[in-house]
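Below is data_0.txt, holding compact mmCIF, C-alpha atoms and all ligand atoms.
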# COMPACT_ATOMS: atom_id res chain seq x y z
CA MET A 1 0.00 0.00 0.00
CA SER A 2 1.27 3.43 -0.88
CA CYS A 3 1.04 6.32 1.56
CA ILE A 4 1.65 8.70 -1.34
CA ASP A 5 -1.42 9.64 -3.37
CA LEU A 6 -0.93 12.14 -6.17
CA HIS A 7 -4.39 12.28 -7.75
CA SER A 8 -7.59 13.35 -5.99
CA HIS A 9 -10.65 15.57 -6.44
CA SER A 10 -12.70 17.87 -4.23
CA THR A 11 -15.94 19.84 -4.51
CA ILE A 12 -13.97 22.44 -6.47
CA SER A 13 -14.39 20.13 -9.48
CA ASP A 14 -16.37 16.88 -9.42
CA GLY A 15 -15.45 15.38 -6.05
CA SER A 16 -17.93 15.22 -3.20
CA LEU A 17 -15.68 16.23 -0.27
CA THR A 18 -14.52 19.79 0.35
CA PRO A 19 -10.75 20.29 0.06
CA ALA A 20 -10.41 20.39 3.87
CA ASP A 21 -12.55 17.27 4.40
CA LEU A 22 -10.64 15.45 1.66
CA VAL A 23 -7.31 16.17 3.35
CA GLN A 24 -8.64 15.06 6.74
CA TYR A 25 -10.08 11.87 5.29
CA ALA A 26 -6.81 11.14 3.49
CA ALA A 27 -4.91 11.54 6.77
CA LEU A 28 -7.33 9.16 8.47
CA ARG A 29 -6.63 6.61 5.76
CA GLY A 30 -2.86 6.83 6.29
CA VAL A 31 -1.94 9.12 3.40
CA LYS A 32 1.21 11.10 4.15
CA VAL A 33 1.68 12.94 0.85
CA LEU A 34 -1.42 14.05 -1.02
CA ALA A 35 -1.86 15.95 -4.27
CA LEU A 36 -5.16 17.71 -4.80
CA THR A 37 -5.66 17.62 -8.57
CA ASP A 38 -9.04 19.10 -9.39
CA HIS A 39 -10.11 19.22 -13.03
CA ASP A 40 -9.04 22.50 -14.66
CA ASP A 41 -9.07 24.46 -11.39
CA VAL A 42 -6.66 25.28 -8.57
CA ALA A 43 -9.14 27.08 -6.32
CA GLY A 44 -9.07 24.37 -3.63
CA LEU A 45 -5.35 24.43 -2.97
CA ASP A 46 -5.28 27.14 -0.28
CA ALA A 47 -7.94 25.46 1.85
CA ALA A 48 -6.31 22.06 1.31
CA ARG A 49 -2.92 23.44 2.39
CA THR A 50 -4.35 24.96 5.56
CA ALA A 51 -6.06 21.68 6.43
CA SER A 52 -2.91 19.69 5.65
CA GLN A 53 -0.92 21.54 8.32
CA SER A 54 -3.08 20.28 11.18
CA ALA A 55 -3.72 16.87 9.60
CA GLY A 56 -0.02 15.96 9.31
CA VAL A 57 -0.21 15.53 5.54
CA SER A 58 2.22 17.03 3.01
CA LEU A 59 0.11 18.72 0.39
CA ILE A 60 1.28 18.81 -3.21
CA ALA A 61 -0.27 21.55 -5.35
CA GLY A 62 -1.79 19.87 -8.39
CA VAL A 63 -4.27 20.13 -11.22
CA GLU A 64 -5.71 17.73 -13.82
CA ILE A 65 -5.91 19.46 -17.18
CA SER A 66 -8.39 18.35 -19.85
CA VAL A 67 -6.63 18.05 -23.21
CA THR A 68 -7.68 17.18 -26.74
CA TRP A 69 -5.08 15.15 -28.59
CA ARG A 70 -6.01 13.87 -32.06
CA ASP A 71 -9.76 13.95 -31.35
CA ARG A 72 -9.35 12.16 -28.03
CA THR A 73 -9.67 13.56 -24.54
CA LEU A 74 -6.61 13.02 -22.36
CA HIS A 75 -5.95 14.16 -18.83
CA ILE A 76 -2.58 15.66 -17.93
CA LEU A 77 -1.69 16.08 -14.27
CA GLY A 78 0.43 18.98 -13.15
CA LEU A 79 2.17 18.23 -9.83
CA LYS A 80 4.06 20.76 -7.70
CA ILE A 81 2.72 23.55 -9.86
CA ASP A 82 2.70 27.21 -8.96
CA PRO A 83 -1.06 27.86 -9.00
CA HIS A 84 -0.46 31.57 -9.47
CA TYR A 85 1.57 31.22 -12.67
CA PRO A 86 -0.28 33.58 -15.03
CA GLU A 87 -0.20 31.45 -18.18
CA LEU A 88 -1.54 28.43 -16.27
CA HIS A 89 -4.19 30.56 -14.65
CA ARG A 90 -5.39 31.95 -17.98
CA GLY A 91 -5.35 28.55 -19.64
CA LEU A 92 -7.44 26.94 -16.92
CA SER A 93 -9.88 29.82 -16.98
CA THR A 94 -10.40 29.33 -20.73
CA ILE A 95 -11.04 25.61 -20.24
CA ARG A 96 -13.60 26.36 -17.51
CA ASP A 97 -15.39 28.81 -19.81
CA GLY A 98 -15.55 26.08 -22.45
CA ARG A 99 -17.23 23.75 -19.94
CA VAL A 100 -20.15 26.18 -19.59
CA GLY A 101 -20.97 26.10 -23.31
CA ARG A 102 -20.50 22.35 -23.41
CA ALA A 103 -22.97 21.91 -20.52
CA VAL A 104 -25.63 23.79 -22.51
CA LYS A 105 -25.03 21.45 -25.46
CA ILE A 106 -25.18 18.34 -23.25
CA ALA A 107 -28.52 19.54 -21.88
CA GLU A 108 -29.81 20.14 -25.42
CA ALA A 109 -28.72 16.66 -26.46
CA LEU A 110 -30.42 15.10 -23.44
CA ALA A 111 -33.59 17.10 -24.17
CA GLU A 112 -33.61 15.63 -27.65
CA ALA A 113 -33.50 12.22 -26.00
CA GLY A 114 -36.54 13.21 -23.92
CA ILE A 115 -34.81 14.30 -20.71
CA ASN A 116 -35.68 17.87 -19.82
CA GLY A 117 -34.30 20.19 -17.17
CA SER A 118 -30.86 18.64 -17.04
CA LEU A 119 -28.93 21.93 -17.19
CA GLU A 120 -30.59 23.27 -14.04
CA GLY A 121 -30.52 19.76 -12.60
CA ALA A 122 -26.78 19.34 -13.16
CA TYR A 123 -26.03 22.81 -11.78
CA GLY A 124 -27.95 21.76 -8.68
CA PHE A 125 -25.07 19.35 -7.98
CA VAL A 126 -22.28 21.83 -8.71
CA GLN A 127 -20.79 23.10 -5.49
CA GLU A 128 -18.16 25.52 -6.75
CA ASN A 129 -17.01 26.55 -10.16
CA ILE A 130 -16.79 23.61 -12.53
CA ILE A 131 -19.61 21.92 -14.38
CA SER A 132 -18.71 18.40 -15.51
CA ARG A 133 -20.32 15.27 -16.85
CA THR A 134 -20.25 14.00 -13.27
CA HIS A 135 -22.85 16.61 -12.33
CA PHE A 136 -25.08 15.50 -15.21
CA ALA A 137 -24.54 11.93 -14.02
CA CYS A 138 -25.66 12.86 -10.49
CA PHE A 139 -28.79 14.51 -11.89
CA LEU A 140 -29.64 11.57 -14.16
CA VAL A 141 -29.20 9.05 -11.33
CA SER A 142 -31.27 11.23 -8.99
CA GLN A 143 -34.08 11.18 -11.55
CA GLY A 144 -33.95 7.42 -11.91
CA HIS A 145 -32.59 7.41 -15.47
CA ALA A 146 -29.82 5.03 -14.38
CA GLY A 147 -29.12 2.92 -11.32
CA SER A 148 -25.52 3.89 -10.64
CA MET A 149 -22.76 6.34 -11.54
CA LYS A 150 -21.07 3.68 -13.68
CA ASN A 151 -24.20 2.85 -15.64
CA VAL A 152 -25.24 6.43 -16.20
CA PHE A 153 -22.00 7.14 -18.09
CA LYS A 154 -22.38 4.04 -20.24
CA LYS A 155 -26.01 4.83 -20.96
CA TYR A 156 -25.91 8.58 -21.58
CA LEU A 157 -22.57 10.33 -21.31
CA VAL A 158 -19.96 8.57 -23.43
CA LYS A 159 -19.32 8.64 -27.18
CA GLY A 160 -22.21 7.16 -29.11
CA ARG A 161 -24.75 7.81 -26.34
CA PRO A 162 -27.48 10.49 -26.39
CA GLY A 163 -25.96 12.97 -23.90
CA TYR A 164 -22.44 12.97 -25.33
CA VAL A 165 -21.20 16.03 -27.16
CA PRO A 166 -17.74 16.38 -28.68
CA HIS A 167 -15.65 19.12 -27.15
CA HIS A 168 -12.27 20.69 -27.83
CA TRP A 169 -10.16 21.06 -24.68
CA ALA A 170 -6.63 22.49 -24.37
CA GLU A 171 -3.81 21.43 -26.69
CA LEU A 172 -1.35 18.92 -25.25
CA ALA A 173 1.57 21.25 -25.96
CA ASP A 174 -0.13 24.12 -24.15
CA ALA A 175 -0.99 22.06 -21.07
CA VAL A 176 2.57 20.77 -20.76
CA ARG A 177 3.96 24.28 -21.27
CA TRP A 178 1.70 25.77 -18.57
CA ILE A 179 2.68 23.05 -16.10
CA LYS A 180 6.40 23.16 -16.85
CA GLY A 181 6.38 26.96 -16.97
CA SER A 182 4.89 27.03 -13.49
CA GLY A 183 7.71 24.80 -12.22
CA GLY A 184 5.63 21.60 -12.05
CA CYS A 185 5.91 18.03 -13.31
CA ALA A 186 3.67 16.97 -16.21
CA VAL A 187 2.19 13.48 -15.88
CA ILE A 188 -0.10 11.52 -18.23
CA ALA A 189 -3.02 10.56 -15.98
CA HIS A 190 -4.40 6.97 -16.06
CA PRO A 191 -2.91 6.08 -19.49
CA GLY A 192 -4.78 2.77 -19.44
CA ARG A 193 -8.15 4.50 -19.67
CA TYR A 194 -7.78 5.88 -23.18
CA GLY A 195 -7.96 2.57 -25.03
CA LEU A 196 -5.02 3.51 -27.25
CA GLY A 197 -3.56 0.91 -29.60
CA ALA A 198 0.17 0.23 -29.46
CA THR A 199 1.06 2.57 -32.35
CA THR A 200 -0.99 5.52 -31.13
CA LEU A 201 0.28 5.04 -27.60
CA HIS A 202 3.84 5.04 -28.90
CA GLN A 203 3.18 8.29 -30.77
CA LEU A 204 1.64 9.88 -27.69
CA LEU A 205 4.56 8.90 -25.48
CA GLU A 206 7.08 10.17 -28.05
CA GLU A 207 5.24 13.46 -28.43
CA PHE A 208 4.78 13.90 -24.68
CA ARG A 209 8.49 13.26 -24.10
CA ALA A 210 9.48 15.71 -26.86
CA LEU A 211 7.27 18.36 -25.22
CA GLY A 212 9.10 17.89 -21.92
CA GLY A 213 6.57 15.62 -20.18
CA ASP A 214 7.96 14.00 -17.05
CA ALA A 215 5.99 10.98 -15.94
CA LEU A 216 3.27 8.36 -16.42
CA GLU A 217 0.66 7.63 -13.78
CA VAL A 218 1.40 3.92 -13.55
CA VAL A 219 -0.60 3.11 -10.42
CA SER A 220 -4.13 4.47 -10.72
CA GLY A 221 -7.48 3.74 -9.14
CA SER A 222 -8.68 2.88 -12.64
CA HIS A 223 -5.81 0.59 -13.68
CA THR A 224 -5.87 -3.19 -13.60
CA PRO A 225 -2.75 -4.99 -12.28
CA GLU A 226 -1.88 -5.79 -15.92
CA MET A 227 -2.03 -2.09 -16.83
CA VAL A 228 0.25 -1.26 -13.89
CA GLN A 229 2.85 -3.73 -15.16
CA ARG A 230 2.52 -2.57 -18.76
CA PHE A 231 2.88 1.13 -18.02
CA ALA A 232 5.72 0.53 -15.57
CA ARG A 233 7.58 -1.22 -18.37
CA LEU A 234 6.76 1.53 -20.88
CA ALA A 235 7.87 4.24 -18.44
CA GLY A 236 11.24 2.48 -18.19
CA GLU A 237 11.52 2.14 -21.96
CA TYR A 238 10.72 5.79 -22.66
CA GLY A 239 12.62 7.17 -19.69
CA PHE A 240 9.62 8.56 -17.83
CA LEU A 241 9.32 8.89 -14.09
CA VAL A 242 6.34 7.16 -12.51
CA SER A 243 3.42 8.43 -10.44
CA CYS A 244 0.62 6.89 -8.40
CA GLY A 245 -2.82 8.18 -7.47
CA SER A 246 -6.23 6.91 -6.48
CA ASP A 247 -8.25 9.45 -8.51
CA TYR A 248 -10.50 9.59 -5.44
CA HIS A 249 -13.70 11.59 -5.98
CA GLY A 250 -15.52 10.94 -2.70
CA PRO A 251 -17.37 8.06 -1.04
CA ASP A 252 -20.23 8.04 -3.55
CA ARG A 253 -18.39 8.65 -6.81
CA GLY A 254 -16.61 5.47 -7.91
CA TYR A 255 -12.96 5.15 -8.95
CA GLY A 256 -10.18 4.48 -6.51
CA ASP A 257 -10.26 4.69 -2.75
CA ILE A 258 -7.91 7.11 -1.08
CA GLY A 259 -5.08 5.55 0.91
CA ARG A 260 -5.72 2.13 -0.65
CA ILE A 261 -3.63 2.09 -3.79
CA PRO A 262 -0.83 -0.42 -4.32
CA SER A 263 2.83 0.58 -4.13
CA LEU A 264 4.79 1.21 -7.30
CA PRO A 265 6.26 -1.88 -8.96
CA SER A 266 9.93 -2.34 -8.04
CA GLY A 267 12.47 -0.69 -10.31
CA CYS A 268 10.32 2.36 -11.11
CA ALA A 269 11.75 5.85 -10.71
CA PRO A 270 9.15 7.78 -8.69
CA VAL A 271 8.19 11.27 -9.81
CA TRP A 272 8.79 12.38 -6.19
CA HIS A 273 12.41 11.11 -6.07
CA ASP A 274 13.76 14.64 -5.50
CA TRP A 275 10.81 16.16 -3.60
CA PRO A 276 11.62 17.19 -0.03
CA GLU A 277 7.92 16.70 0.91
CA ALA A 278 8.07 13.02 0.03
CA VAL A 279 11.21 12.14 2.00
CA ALA A 280 10.09 9.99 4.96
P1 LIG B 1 -15.76 15.82 -17.89
O1 LIG B 1 -14.35 16.28 -17.59
O2 LIG B 1 -16.79 16.88 -17.62
O3 LIG B 1 -15.90 15.21 -19.25
O4 LIG B 1 -16.10 14.70 -16.85
C1 LIG B 1 -15.25 13.61 -16.73
C2 LIG B 1 -15.42 13.00 -15.34
O5 LIG B 1 -16.52 12.11 -15.36
C3 LIG B 1 -14.24 12.16 -14.97
O6 LIG B 1 -13.25 12.95 -14.37
C4 LIG B 1 -14.84 11.20 -13.98
O7 LIG B 1 -14.89 11.79 -12.71
C5 LIG B 1 -16.24 11.02 -14.50
N1 LIG B 1 -16.38 9.79 -15.28
C6 LIG B 1 -16.07 9.60 -16.57
N2 LIG B 1 -16.36 8.34 -16.96
C7 LIG B 1 -16.88 7.73 -15.87
C8 LIG B 1 -17.39 6.44 -15.59
N3 LIG B 1 -17.44 5.50 -16.55
N4 LIG B 1 -17.84 6.17 -14.35
C9 LIG B 1 -17.82 7.11 -13.38
N5 LIG B 1 -17.35 8.36 -13.58
C10 LIG B 1 -16.88 8.67 -14.79
MN MN B 2 -13.57 13.54 -12.37
MN MN B 3 -8.96 11.87 -15.27
MN MN B 4 -8.98 12.62 -11.91
For this file, produce the structure as structure tokens.
Ligand code: AMP
Ligand code: MN
Ligand code: MN
Ligand code: MN
Amino acid sequence: MSCIDLHSHSTISDGSLTPADLVQYAALRGVKVLALTDHDDVAGLDAARTASQSAGVSLIAGVEISVTWRDRTLHILGLKIDPHYPELHRGLSTIRDGRVGRAVKIAEALAEAGINGSLEGAYGFVQENIISRTHFACFLVSQGHAGSMKNVFKKYLVKGRPGYVPHHWAELADAVRWIKGSGGCAVIAHPGRYGLGATTLHQLLEEFRALGGDALEVVSGSHTPEMVQRFARLAGEYGFLVSCGSDYHGPDRGYGDIGRIPSLPSGCAPVWHDWPEAVA
């Protein structure tokens, strides 16, 4: 079990715990080093840092940036970022603006499928600044359109389903530049979730490396043991550091459980190898 967890969400994006509650819960579960990595927003980091000081947790400032690469959505984690770096700040703000227009289109698409009121309904679940598919999922489940968070995505919110709308997020090169420019490490989040074939994956890893990307998230709440082994091997081959994170979203949101992720496979070079916060 790893006591380092470098991927988690709060109410600032689509998690269900406030930043302070998330940090306290992580501490309770034995996490010593925690990165808060909300989608496209850094607004929870101050509250998380304050909470971390009394909870005995080292807080890593993070973000999970939504990226469009060759018509696919990828998530790039920035770890140890400077949240005040102007270019990062502007970039995230533009992505958040894009989410507002996308939400309107999702609601229109759902209305065409006979489900009305989903824009207001989804906003009813938004607690801070970000509107995401998770909030539509909460609304749809609350209205009995699906039995669980997993099923609601499959039924309504993924490609080929009635509530899915294509969207253009940030460019990969921009996301990496914002992260690196702010002094952070750029990490491909949950690479096993994108369903990339070997050739496309190779091209992504080459491009990410050429852009200055640092690491792959090898251990993830959404990776199978086989994926962990595969991406550990690929990280070694391409010379990437390795990260681990639960992708915790709260007790009712699915994905990994905080403080319960496996340790890195032996032989990996951890992304935190030179971080003072992560030295025991
Ligand atoms: P968005 O960034 O608005 O497209 O929303 C993506 C979020 O939806 C992810 O970060 C997850 O939290 C959630 N999500 C996506 N797919 C699933 C799924 N199959 N089951 C549960 N949550 C999901
Ligand atoms: Mn999420
Ligand atoms: Mn993600
Ligand atoms: Mn995430």
Proximity of chain A to ligand LIG 1 (chain B): per-residue shortest pair, 6 Å limit, all atoms listed in the file, as a tab-separated table:
residue	atom	partner	partner_atom	distance
A:Ser132	CA	B:LIG1	O2	3.2
A:Arg133	CA	B:LIG1	O2	4.0
A:Thr134	CA	B:LIG1	O5	4.7
A:Met149	CA	B:LIG1	C9	5.3
A:Lys150	CA	B:LIG1	N4	4.1
A:Phe153	CA	B:LIG1	N3	5.1
A:Gly254	CA	B:LIG1	C9	5.8
Neighbourhood query: residues within 6 Å of (-1.1, 16.3, -21.8), file coordinates, counting all atoms listed in the file; return as a ChimeraX atom specification. /A:67,76,172,175-176
Please extract the residues at most 8 Å from ligand MN 2 (chain B), counting all atoms listed in the file, and provide them as number ranges by chain, using the chain letters and residue numbers of this document. A: 9, 13-15, 38-39, 132, 134, 247, 249
Write out the residues from the selection above, keeping C-alpha atoms, as a PDB file, in the frame of the given file.
ATOM      1  CA  HIS A   9     -10.650  15.570  -6.440  1.00  0.00           C
ATOM      2  CA  SER A  13     -14.390  20.130  -9.480  1.00  0.00           C
ATOM      3  CA  ASP A  14     -16.370  16.880  -9.420  1.00  0.00           C
ATOM      4  CA  GLY A  15     -15.450  15.380  -6.050  1.00  0.00           C
ATOM      5  CA  ASP A  38      -9.040  19.100  -9.390  1.00  0.00           C
ATOM      6  CA  HIS A  39     -10.110  19.220 -13.030  1.00  0.00           C
ATOM      7  CA  SER A 132     -18.710  18.400 -15.510  1.00  0.00           C
ATOM      8  CA  THR A 134     -20.250  14.000 -13.270  1.00  0.00           C
ATOM      9  CA  ASP A 247      -8.250   9.450  -8.510  1.00  0.00           C
ATOM     10  CA  HIS A 249     -13.700  11.590  -5.980  1.00  0.00           C
TER      11      HIS A 249
END
Would you mind reading off the distance between CA of Arg70 in chain A and CA of Leu205 in chain A, one decimal, in Å? 13.4 Å
Between chain A and ligand MN 3 (chain B), at 7 Å or less, what are the per-residue closest atom pairs and their distances in Å? Count only C-alpha atoms and all ligand atoms, order by chain and rising residue number, and return it as a Markdown table.
| residue | atom | partner | partner_atom | distance |
| --- | --- | --- | --- | --- |
| A:Glu64 | CA | B:MN3 | MN | 6.9 |
| A:His75 | CA | B:MN3 | MN | 5.2 |
| A:Ala189 | CA | B:MN3 | MN | 6.1 |
| A:His190 | CA | B:MN3 | MN | 6.7 |
Just the number, please: distance in Å from CA of Gly212 in chain A to CA of Lys180 in chain A, one decimal. 7.8 Å
